[in-house]
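Visitor: So I've got this file, my_file_31.tsv, and it contains TSV, C-alpha atoms:
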chain	number	residue	atom	x	y	z
A	38	MET	CA	27.85	57.24	61.42
A	39	ASP	CA	24.50	59.05	61.55
A	40	ASN	CA	22.97	56.57	59.14
A	41	GLU	CA	24.13	53.68	61.33
A	42	LYS	CA	22.59	55.36	64.37
A	43	ILE	CA	19.29	55.92	62.59
A	44	ILE	CA	19.09	52.29	61.48
A	45	ARG	CA	19.94	51.04	64.97
A	46	GLU	CA	17.09	53.18	66.32
A	47	PHE	CA	14.75	51.96	63.58
A	48	ILE	CA	15.54	48.32	64.36
A	49	GLN	CA	14.90	48.89	68.06
A	50	ALA	CA	11.69	50.77	67.30
A	51	TRP	CA	10.14	47.61	65.87
A	52	SER	CA	9.60	46.33	69.42
A	53	ARG	CA	6.96	49.03	69.90
A	54	LEU	CA	4.91	47.56	67.02
A	55	ASP	CA	3.80	51.02	65.89
A	56	ALA	CA	3.39	51.18	62.09
A	57	GLU	CA	2.89	54.94	62.21
A	58	GLU	CA	6.18	55.53	64.02
A	59	LEU	CA	8.07	53.03	61.82
A	60	SER	CA	6.83	54.68	58.64
A	61	THR	CA	8.37	58.02	59.71
A	62	TYR	CA	11.82	56.52	59.12
A	63	PHE	CA	11.05	56.26	55.41
A	64	ALA	CA	11.43	59.00	52.82
A	65	GLU	CA	8.16	60.24	51.32
A	66	GLU	CA	8.73	57.99	48.30
A	67	GLY	CA	10.57	55.33	50.32
A	68	VAL	CA	10.50	51.68	49.28
A	69	TYR	CA	10.23	48.61	51.52
A	70	HIS	CA	11.04	45.41	49.70
A	71	ASN	CA	10.81	42.10	51.50
A	72	MET	CA	12.69	40.25	48.78
A	73	PRO	CA	10.52	37.10	48.76
A	74	THR	CA	7.49	39.31	48.00
A	75	ALA	CA	6.65	42.48	46.06
A	76	ALA	CA	8.15	45.91	46.84
A	77	VAL	CA	5.92	48.59	48.36
A	78	ALA	CA	6.58	52.27	47.57
A	79	GLY	CA	5.50	55.45	49.37
A	80	ARG	CA	5.43	56.15	53.11
A	81	GLU	CA	1.66	55.73	53.42
A	82	ASN	CA	1.70	52.38	51.59
A	83	VAL	CA	4.65	51.22	53.69
A	84	LYS	CA	2.70	52.10	56.83
A	85	GLN	CA	-0.32	50.06	55.67
A	86	MET	CA	1.89	47.13	54.74
A	87	ILE	CA	3.66	47.10	58.12
A	88	ALA	CA	0.35	47.49	59.97
A	89	GLY	CA	-0.97	44.51	58.05
A	90	PHE	CA	1.75	42.05	58.80
A	91	ILE	CA	2.36	43.05	62.42
A	92	ALA	CA	-1.37	42.92	63.22
A	93	ALA	CA	-1.06	39.41	64.68
A	94	TRP	CA	2.31	40.04	66.39
A	95	THR	CA	2.26	40.29	70.17
A	96	GLU	CA	6.00	40.82	70.70
A	97	THR	CA	9.09	41.34	68.57
A	98	GLU	CA	12.74	41.98	69.31
A	99	TRP	CA	15.34	42.38	66.61
A	100	GLU	CA	18.85	41.43	67.58
A	101	ILE	CA	21.66	42.99	65.54
A	102	LEU	CA	24.48	40.56	64.68
A	103	HIS	CA	26.45	42.92	62.45
A	104	LEU	CA	25.73	46.44	61.30
A	105	ILE	CA	28.12	48.15	58.92
A	106	SER	CA	27.90	51.03	56.48
A	107	ALA	CA	29.64	52.80	53.64
A	108	GLY	CA	28.38	56.18	52.49
A	109	ASP	CA	24.61	56.08	52.16
A	110	VAL	CA	24.34	52.30	52.48
A	111	VAL	CA	23.80	50.53	55.80
A	112	ILE	CA	23.62	46.75	56.03
A	113	ALA	CA	22.31	45.01	59.14
A	114	GLU	CA	22.46	41.29	59.80
A	115	ARG	CA	19.78	40.44	62.35
A	116	LEU	CA	17.89	37.77	64.18
A	117	ASP	CA	14.27	38.91	64.43
A	118	ARG	CA	12.54	37.16	67.34
A	119	THR	CA	8.77	37.45	66.99
A	120	ARG	CA	5.77	36.10	68.87
A	121	ALA	CA	2.19	36.00	67.69
A	122	GLY	CA	0.21	34.59	70.59
A	123	ASP	CA	1.41	31.03	71.08
A	124	LYS	CA	3.38	30.99	67.82
A	125	SER	CA	6.90	32.29	67.41
A	126	VAL	CA	9.77	32.48	64.98
A	127	ASP	CA	13.42	33.48	65.18
A	128	LEU	CA	13.98	34.73	61.67
A	129	PRO	CA	17.51	35.23	60.29
A	130	CYS	CA	17.50	38.36	58.10
A	131	THR	CA	19.84	40.81	56.44
A	132	GLY	CA	18.59	44.27	55.54
A	133	VAL	CA	20.20	46.59	53.03
A	134	PHE	CA	19.22	50.23	53.60
A	135	GLU	CA	19.86	52.95	51.03
A	136	MET	CA	19.62	56.24	52.91
A	137	GLU	CA	18.93	59.80	51.77
A	138	ASN	CA	18.98	62.80	54.10
A	139	GLY	CA	18.63	60.55	57.12
A	140	LYS	CA	15.59	58.68	55.77
A	141	ILE	CA	15.21	55.23	54.26
A	142	LYS	CA	15.02	55.54	50.50
A	143	VAL	CA	15.06	51.80	49.82
A	144	TRP	CA	15.12	48.85	52.20
A	145	ARG	CA	15.70	45.41	50.74
A	146	ASP	CA	15.26	42.68	53.34
A	147	TYR	CA	16.64	39.20	52.67
A	148	PHE	CA	15.20	36.19	54.48
A	149	ASP	CA	13.54	32.85	53.85
A	150	LEU	CA	9.77	33.20	53.68
A	151	GLY	CA	9.33	29.49	54.38
A	152	THR	CA	11.14	29.85	57.73
A	153	TYR	CA	8.77	32.65	58.72
A	154	ALA	CA	5.64	30.83	57.51
A	155	LYS	CA	6.63	27.61	59.28
A	156	GLY	CA	7.10	29.40	62.62
A	157	MET	CA	3.85	31.30	62.31
A	158	SER	CA	1.63	28.44	61.17
B	110	MET	CA	40.51	46.09	51.81
B	111	ASP	CA	42.17	42.69	51.31
B	112	ASN	CA	39.11	40.89	52.65
B	113	GLU	CA	36.90	42.79	50.22
B	114	LYS	CA	39.20	41.84	47.35
B	115	ILE	CA	39.18	38.18	48.35
B	116	ILE	CA	35.39	38.07	48.52
B	117	ARG	CA	35.07	39.83	45.16
B	118	GLU	CA	37.36	37.17	43.67
B	119	PHE	CA	35.41	34.40	45.39
B	120	ILE	CA	32.10	35.69	44.03
B	121	GLN	CA	33.55	35.87	40.51
B	122	ALA	CA	35.06	32.40	40.87
B	123	TRP	CA	31.59	30.87	41.11
B	124	SER	CA	31.20	31.29	37.34
B	125	ARG	CA	33.84	28.57	36.86
B	126	LEU	CA	31.62	26.05	38.74
B	127	ASP	CA	34.65	24.40	40.31
B	128	ALA	CA	33.85	23.13	43.83
B	129	GLU	CA	37.51	22.30	44.47
B	130	GLU	CA	38.64	25.85	43.70
B	131	LEU	CA	35.76	27.41	45.66
B	132	SER	CA	36.53	25.34	48.74
B	133	THR	CA	40.09	26.74	48.86
B	134	TYR	CA	38.64	30.10	49.92
B	135	PHE	CA	37.45	28.52	53.17
B	136	ALA	CA	39.47	28.03	56.33
B	137	GLU	CA	40.18	24.39	57.21
B	138	GLU	CA	37.27	24.47	59.69
B	139	GLY	CA	35.27	26.98	57.63
B	140	VAL	CA	31.48	27.03	57.76
B	141	TYR	CA	29.05	27.58	54.88
B	142	HIS	CA	25.53	28.25	56.04
B	143	ASN	CA	22.74	28.77	53.56
B	144	MET	CA	20.36	30.15	56.16
B	145	PRO	CA	17.23	28.34	54.90
B	146	THR	CA	19.05	25.02	55.38
B	147	ALA	CA	21.63	23.46	57.73
B	148	ALA	CA	25.18	24.77	58.14
B	149	VAL	CA	28.07	22.69	56.79
B	150	ALA	CA	31.46	22.78	58.54
B	151	GLY	CA	34.93	21.84	57.30
B	152	ARG	CA	36.53	22.56	53.93
B	153	GLU	CA	36.05	19.03	52.61
B	154	ASN	CA	32.35	18.97	53.59
B	155	VAL	CA	31.89	22.42	52.07
B	156	LYS	CA	33.42	21.15	48.82
B	157	GLN	CA	31.05	18.16	48.72
B	158	MET	CA	28.05	20.38	49.46
B	159	ILE	CA	28.94	22.87	46.70
B	160	ALA	CA	29.65	20.05	44.24
B	161	GLY	CA	26.23	18.62	45.04
B	162	PHE	CA	24.13	21.67	44.44
B	163	ILE	CA	26.03	22.99	41.41
B	164	ALA	CA	25.95	19.58	39.70
B	165	ALA	CA	22.94	20.56	37.59
B	166	TRP	CA	24.08	24.14	36.96
B	167	THR	CA	25.27	24.93	33.44
B	168	GLU	CA	26.04	28.63	33.99
B	169	THR	CA	26.14	31.08	36.86
B	170	GLU	CA	27.09	34.72	37.21
B	171	TRP	CA	26.90	36.57	40.50
B	172	GLU	CA	26.37	40.30	40.22
B	173	ILE	CA	27.48	42.41	43.19
B	174	LEU	CA	25.04	45.19	44.13
B	175	HIS	CA	26.85	46.36	47.26
B	176	LEU	CA	29.94	45.05	48.98
B	177	ILE	CA	31.11	46.66	52.20
B	178	SER	CA	33.28	45.60	55.10
B	179	ALA	CA	34.38	46.46	58.60
B	180	GLY	CA	37.33	44.65	60.15
B	181	ASP	CA	36.99	40.93	59.51
B	182	VAL	CA	33.40	41.12	58.28
B	183	VAL	CA	32.48	41.52	54.61
B	184	ILE	CA	28.86	41.76	53.48
B	185	ALA	CA	27.90	41.38	49.84
B	186	GLU	CA	24.46	42.04	48.41
B	187	ARG	CA	24.15	40.10	45.16
B	188	LEU	CA	21.95	38.95	42.34
B	189	ASP	CA	22.97	35.38	41.49
B	190	ARG	CA	21.93	34.53	37.93
B	191	THR	CA	21.99	30.79	37.39
B	192	ARG	CA	21.03	28.45	34.57
B	193	ALA	CA	20.50	24.71	34.77
B	194	GLY	CA	19.77	23.62	31.22
B	195	ASP	CA	16.47	25.23	30.25
B	196	LYS	CA	15.72	26.39	33.80
B	197	SER	CA	17.02	29.57	35.36
B	198	VAL	CA	16.71	31.76	38.40
B	199	ASP	CA	17.87	35.26	39.33
B	200	LEU	CA	18.25	34.88	43.07
B	201	PRO	CA	18.52	37.95	45.35
B	202	CYS	CA	21.03	37.12	48.12
B	203	THR	CA	23.06	38.77	50.81
B	204	GLY	CA	26.15	37.02	52.15
B	205	VAL	CA	27.85	37.79	55.45
B	206	PHE	CA	31.47	36.61	55.50
B	207	GLU	CA	33.50	36.38	58.70
B	208	MET	CA	37.14	36.25	57.63
B	209	GLU	CA	40.28	34.97	59.33
B	210	ASN	CA	43.76	35.26	57.83
B	211	GLY	CA	42.30	35.84	54.38
B	212	LYS	CA	40.05	32.77	54.49
B	213	ILE	CA	36.30	32.40	55.03
B	214	LYS	CA	35.70	31.30	58.62
B	215	VAL	CA	31.89	31.57	58.41
B	216	TRP	CA	29.63	32.45	55.49
B	217	ARG	CA	25.97	33.02	56.22
B	218	ASP	CA	23.94	33.44	53.05
B	219	TYR	CA	20.46	34.97	53.22
B	220	PHE	CA	17.93	34.27	50.46
B	221	ASP	CA	14.49	32.85	49.89
B	222	LEU	CA	14.62	29.14	49.21
B	223	GLY	CA	11.18	29.23	47.59
B	224	THR	CA	12.44	31.70	44.96
B	225	TYR	CA	15.29	29.35	44.08
B	226	ALA	CA	13.10	26.23	44.04
B	227	LYS	CA	10.47	27.92	41.87
B	228	GLY	CA	13.03	28.95	39.25
B	229	MET	CA	14.68	25.55	39.19
B	230	SER	CA	11.52	23.41	39.03
In structure tokens, write the structure found in this file.

Guide:
Amino acid sequence: MDNEKIIREFIQAWSRLDAEELSTYFAEEGVYHNMPTAAVAGRENVKQMIAGFIAAWTETEWEILHLISAGDVVIAERLDRTRAGDKSVDLPCTGVFEMENGKIKVWRDYFDLGTYAKGMS
Amino acid sequence: MDNEKIIREFIQAWSRLDAEELSTYFAEEGVYHNMPTAAVAGRENVKQMIAGFIAAWTETEWEILHLISAGDVVIAERLDRTRAGDKSVDLPCTGVFEMENGKIKVWRDYFDLGTYAKGMS
């Protein structure tokens, strides 16, 4: 259950829009893979990546629809509600988290990039 | 575990490209929602929808990466390998299945439509 708790905290933490804090949830060699784009490996690179794409965000709240786990795998179905000034998108996502010692080893996030781009353009 | 078994069978059944058979896994009022597009409700409508988009497919095999469940919810992370003549796509997907009496009540499937379109064009 610890892994579930950690991922619930991580998902809530996004609302603070703090790339530094978010990167601490990843293992040193952790991977963040938004499936429509390339994977990024290493906590420092993950931090830079997050900082880059949240730069324009003014508000985000990630609603959990289902969160279940088995062993070191946690899967969270979400609706990520994000604002960037006068633009906004409610993005349906599902994240698969492979955990190791309480940190994110690999996060694969499944969503439609076109839905995000349309809301933000 | 029955729900997990049913979804494993359903995922394997896709290789037979038989919309009639696939639709039998849905409840009478079952919903199939490819998240990048509109939801379709009702077994007969689901059958027509599946028949439509597999019409050009010559081969498909859905590999399960993770499949876990809790109560009536099954989530399956997959890599759907599909051929349509000389075109092909390996599509990363995650499906959330809400089950009822051994049938699919709602299936929400998360993937990037652009990845599919690019492979099939």

Visitor: Residues of chain A within 8 Å of chain B, using all atoms listed in the file, as an MDAnalysis selection string?

Guide: chainID A and resid 72:73 105:107 112 114 129:131 133 147:152

Visitor: Store the residues of this selection in a file with C-alpha atoms, as a short mmCIF file (atom, residue, chain, number, x, y, z; two decimals), in the coordinates of the input.

Guide:
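Contents of the output file part.cif:
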data_model
loop_
_atom_site.label_atom_id
_atom_site.label_comp_id
_atom_site.auth_asym_id
_atom_site.auth_seq_id
_atom_site.Cartn_x
_atom_site.Cartn_y
_atom_site.Cartn_z
CA MET A 72 12.69 40.25 48.78
CA PRO A 73 10.52 37.10 48.76
CA ILE A 105 28.12 48.15 58.92
CA SER A 106 27.90 51.03 56.48
CA ALA A 107 29.64 52.80 53.64
CA ILE A 112 23.62 46.75 56.03
CA GLU A 114 22.46 41.29 59.80
CA PRO A 129 17.51 35.23 60.29
CA CYS A 130 17.50 38.36 58.10
CA THR A 131 19.84 40.81 56.44
CA VAL A 133 20.20 46.59 53.03
CA TYR A 147 16.64 39.20 52.67
CA PHE A 148 15.20 36.19 54.48
CA ASP A 149 13.54 32.85 53.85
CA LEU A 150 9.77 33.20 53.68
CA GLY A 151 9.33 29.49 54.38
CA THR A 152 11.14 29.85 57.73
#

Visitor: Which of these, A:Val143, A:Leu116, A:Val77, A:Ala64, has the shortest distance to Glu98 of chain A once you count all atoms listed in the file?

Guide: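 Closest to Glu98 of chain A of all the choices is A:Leu116.
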
Visitor: For Trp216 of chain B, please output as a ChimeraX atom specification all residues within 7 Å (counting only C-alpha atoms; exclusion window: fewer than 4 positions along the same chain).

Guide: /B:140-142,204-207

Visitor: How would the residues just picked look written out with C-alpha atoms as a PDB file, in the coordinates of the input?

Guide:
ATOM      1  CA  VAL B 140      31.480  27.030  57.760  1.00  0.00           C
ATOM      2  CA  TYR B 141      29.050  27.580  54.880  1.00  0.00           C
ATOM      3  CA  HIS B 142      25.530  28.250  56.040  1.00  0.00           C
ATOM      4  CA  GLY B 204      26.150  37.020  52.150  1.00  0.00           C
ATOM      5  CA  VAL B 205      27.850  37.790  55.450  1.00  0.00           C
ATOM      6  CA  PHE B 206      31.470  36.610  55.500  1.00  0.00           C
ATOM      7  CA  GLU B 207      33.500  36.380  58.700  1.00  0.00           C
TER       8      GLU B 207
END

Visitor: Given all atoms listed in the file as the basis, pick out the residue of B:Gln157, B:Gly228, B:Ala128, B:Thr133 nearest to Ile115 of chain B.

Guide: B:Thr133

Visitor: Ranking A:Lys140, A:Arg53, A:Lys155, A:Lys42 by minimum distance to Lys124 of chain A and counting all atoms listed in the file, which one comes first?

Guide: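 Residue with the minimum atom-to-atom distance to Lys124 of chain A: A:Lys155.
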
Visitor: Between B:Arg192, B:Arg152, B:Glu129, B:Arg187, which one has atoms that come closest to Ala165 of chain B, using only C-alpha atoms?

Guide: B:Arg192

Visitor: Quick one: of A:Asp127, A:Asp109, A:Glu100, A:Glu66, who's nearest to Gly139 of chain A, counting only C-alpha atoms?

Guide: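 Comparing A:Asp127, A:Asp109, A:Glu100, A:Glu66 against Gly139 of chain A, the winner is A:Asp109.
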
Visitor: How big is the axis-aligned box around the listed atoms of segment 83-88 of chain A once 6 Å is added on each side, and where is its centre? Give both in Å to one decimal, as JSON.

Guide:
{"center_x": 2.2, "center_y": 49.6, "center_z": 56.8, "size_x": 17.0, "size_y": 17.0, "size_z": 18.3}

Visitor: What is the atom CA of Asn71 of chain A to atom CA of Asp117 of chain A distance in Å?

Guide: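 Interatomic distance here is 13.8 Å.
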
Visitor: Take segment 145-166 of chain B, bring it up to N, CA, C and O atoms, and give me the output as a PDB file, in the frame of the given file.

Guide:
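Saved result, part.pdb, follows:
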ATOM      1  N   PRO B 145      18.464  29.151  54.916  1.00  0.00           N
ATOM      2  CA  PRO B 145      17.230  28.340  54.900  1.00  0.00           C
ATOM      3  C   PRO B 145      17.485  26.865  55.190  1.00  0.00           C
ATOM      4  O   PRO B 145      16.532  26.115  55.388  1.00  0.00           O
ATOM      5  N   THR B 146      18.752  26.434  55.172  1.00  0.00           N
ATOM      6  CA  THR B 146      19.050  25.020  55.380  1.00  0.00           C
ATOM      7  C   THR B 146      20.128  24.884  56.477  1.00  0.00           C
ATOM      8  O   THR B 146      20.475  25.855  57.125  1.00  0.00           O
ATOM      9  N   ALA B 147      20.660  23.694  56.657  1.00  0.00           N
ATOM     10  CA  ALA B 147      21.630  23.460  57.730  1.00  0.00           C
ATOM     11  C   ALA B 147      23.024  23.968  57.360  1.00  0.00           C
ATOM     12  O   ALA B 147      23.397  23.994  56.189  1.00  0.00           O
ATOM     13  N   ALA B 148      23.795  24.340  58.351  1.00  0.00           N
ATOM     14  CA  ALA B 148      25.180  24.770  58.140  1.00  0.00           C
ATOM     15  C   ALA B 148      26.059  23.546  57.873  1.00  0.00           C
ATOM     16  O   ALA B 148      25.801  22.455  58.393  1.00  0.00           O
ATOM     17  N   VAL B 149      27.109  23.750  57.068  1.00  0.00           N
ATOM     18  CA  VAL B 149      28.070  22.690  56.790  1.00  0.00           C
ATOM     19  C   VAL B 149      29.445  23.188  57.236  1.00  0.00           C
ATOM     20  O   VAL B 149      29.827  24.321  56.921  1.00  0.00           O
ATOM     21  N   ALA B 150      30.174  22.362  57.976  1.00  0.00           N
ATOM     22  CA  ALA B 150      31.460  22.780  58.540  1.00  0.00           C
ATOM     23  C   ALA B 150      32.602  21.915  58.030  1.00  0.00           C
ATOM     24  O   ALA B 150      32.466  20.695  57.893  1.00  0.00           O
ATOM     25  N   GLY B 151      33.746  22.556  57.763  1.00  0.00           N
ATOM     26  CA  GLY B 151      34.930  21.840  57.300  1.00  0.00           C
ATOM     27  C   GLY B 151      35.068  21.956  55.797  1.00  0.00           C
ATOM     28  O   GLY B 151      34.115  21.740  55.057  1.00  0.00           O
ATOM     29  N   ARG B 152      36.298  22.275  55.359  1.00  0.00           N
ATOM     30  CA  ARG B 152      36.530  22.560  53.930  1.00  0.00           C
ATOM     31  C   ARG B 152      36.103  21.411  53.020  1.00  0.00           C
ATOM     32  O   ARG B 152      35.511  21.631  51.962  1.00  0.00           O
ATOM     33  N   GLU B 153      36.390  20.190  53.445  1.00  0.00           N
ATOM     34  CA  GLU B 153      36.050  19.030  52.610  1.00  0.00           C
ATOM     35  C   GLU B 153      34.526  18.873  52.491  1.00  0.00           C
ATOM     36  O   GLU B 153      34.000  18.617  51.401  1.00  0.00           O
ATOM     37  N   ASN B 154      33.816  19.064  53.618  1.00  0.00           N
ATOM     38  CA  ASN B 154      32.350  18.970  53.590  1.00  0.00           C
ATOM     39  C   ASN B 154      31.746  20.095  52.749  1.00  0.00           C
ATOM     40  O   ASN B 154      30.761  19.892  52.043  1.00  0.00           O
ATOM     41  N   VAL B 155      32.359  21.279  52.866  1.00  0.00           N
ATOM     42  CA  VAL B 155      31.890  22.420  52.070  1.00  0.00           C
ATOM     43  C   VAL B 155      32.042  22.097  50.583  1.00  0.00           C
ATOM     44  O   VAL B 155      31.147  22.345  49.777  1.00  0.00           O
ATOM     45  N   LYS B 156      33.168  21.511  50.223  1.00  0.00           N
ATOM     46  CA  LYS B 156      33.420  21.150  48.820  1.00  0.00           C
ATOM     47  C   LYS B 156      32.354  20.170  48.307  1.00  0.00           C
ATOM     48  O   LYS B 156      31.796  20.360  47.220  1.00  0.00           O
ATOM     49  N   GLN B 157      32.061  19.154  49.109  1.00  0.00           N
ATOM     50  CA  GLN B 157      31.050  18.160  48.720  1.00  0.00           C
ATOM     51  C   GLN B 157      29.670  18.807  48.553  1.00  0.00           C
ATOM     52  O   GLN B 157      28.922  18.501  47.629  1.00  0.00           O
ATOM     53  N   MET B 158      29.356  19.707  49.490  1.00  0.00           N
ATOM     54  CA  MET B 158      28.050  20.380  49.460  1.00  0.00           C
ATOM     55  C   MET B 158      27.923  21.224  48.187  1.00  0.00           C
ATOM     56  O   MET B 158      26.933  21.154  47.470  1.00  0.00           O
ATOM     57  N   ILE B 159      28.966  22.019  47.905  1.00  0.00           N
ATOM     58  CA  ILE B 159      28.940  22.870  46.700  1.00  0.00           C
ATOM     59  C   ILE B 159      28.840  21.986  45.454  1.00  0.00           C
ATOM     60  O   ILE B 159      28.019  22.233  44.567  1.00  0.00           O
ATOM     61  N   ALA B 160      29.665  20.950  45.402  1.00  0.00           N
ATOM     62  CA  ALA B 160      29.650  20.050  44.240  1.00  0.00           C
ATOM     63  C   ALA B 160      28.234  19.493  44.027  1.00  0.00           C
ATOM     64  O   ALA B 160      27.759  19.387  42.892  1.00  0.00           O
ATOM     65  N   GLY B 161      27.582  19.177  45.130  1.00  0.00           N
ATOM     66  CA  GLY B 161      26.230  18.620  45.040  1.00  0.00           C
ATOM     67  C   GLY B 161      25.233  19.585  44.431  1.00  0.00           C
ATOM     68  O   GLY B 161      24.537  19.251  43.472  1.00  0.00           O
ATOM     69  N   PHE B 162      25.206  20.814  44.931  1.00  0.00           N
ATOM     70  CA  PHE B 162      24.130  21.670  44.440  1.00  0.00           C
ATOM     71  C   PHE B 162      24.463  22.402  43.142  1.00  0.00           C
ATOM     72  O   PHE B 162      23.563  22.927  42.497  1.00  0.00           O
ATOM     73  N   ILE B 163      25.733  22.395  42.728  1.00  0.00           N
ATOM     74  CA  ILE B 163      26.030  22.990  41.410  1.00  0.00           C
ATOM     75  C   ILE B 163      26.037  21.918  40.309  1.00  0.00           C
ATOM     76  O   ILE B 163      26.226  22.261  39.130  1.00  0.00           O
ATOM     77  N   ALA B 164      25.843  20.672  40.685  1.00  0.00           N
ATOM     78  CA  ALA B 164      25.950  19.580  39.700  1.00  0.00           C
ATOM     79  C   ALA B 164      25.078  19.816  38.477  1.00  0.00           C
ATOM     80  O   ALA B 164      25.480  19.529  37.344  1.00  0.00           O
ATOM     81  N   ALA B 165      23.873  20.360  38.702  1.00  0.00           N
ATOM     82  CA  ALA B 165      22.940  20.560  37.590  1.00  0.00           C
ATOM     83  C   ALA B 165      23.116  21.924  36.915  1.00  0.00           C
ATOM     84  O   ALA B 165      22.522  22.176  35.868  1.00  0.00           O
ATOM     85  N   TRP B 166      23.929  22.788  37.511  1.00  0.00           N
ATOM     86  CA  TRP B 166      24.080  24.140  36.960  1.00  0.00           C
ATOM     87  C   TRP B 166      24.919  24.113  35.685  1.00  0.00           C
ATOM     88  O   TRP B 166      25.959  23.464  35.618  1.00  0.00           O
TER      89      TRP B 166
END
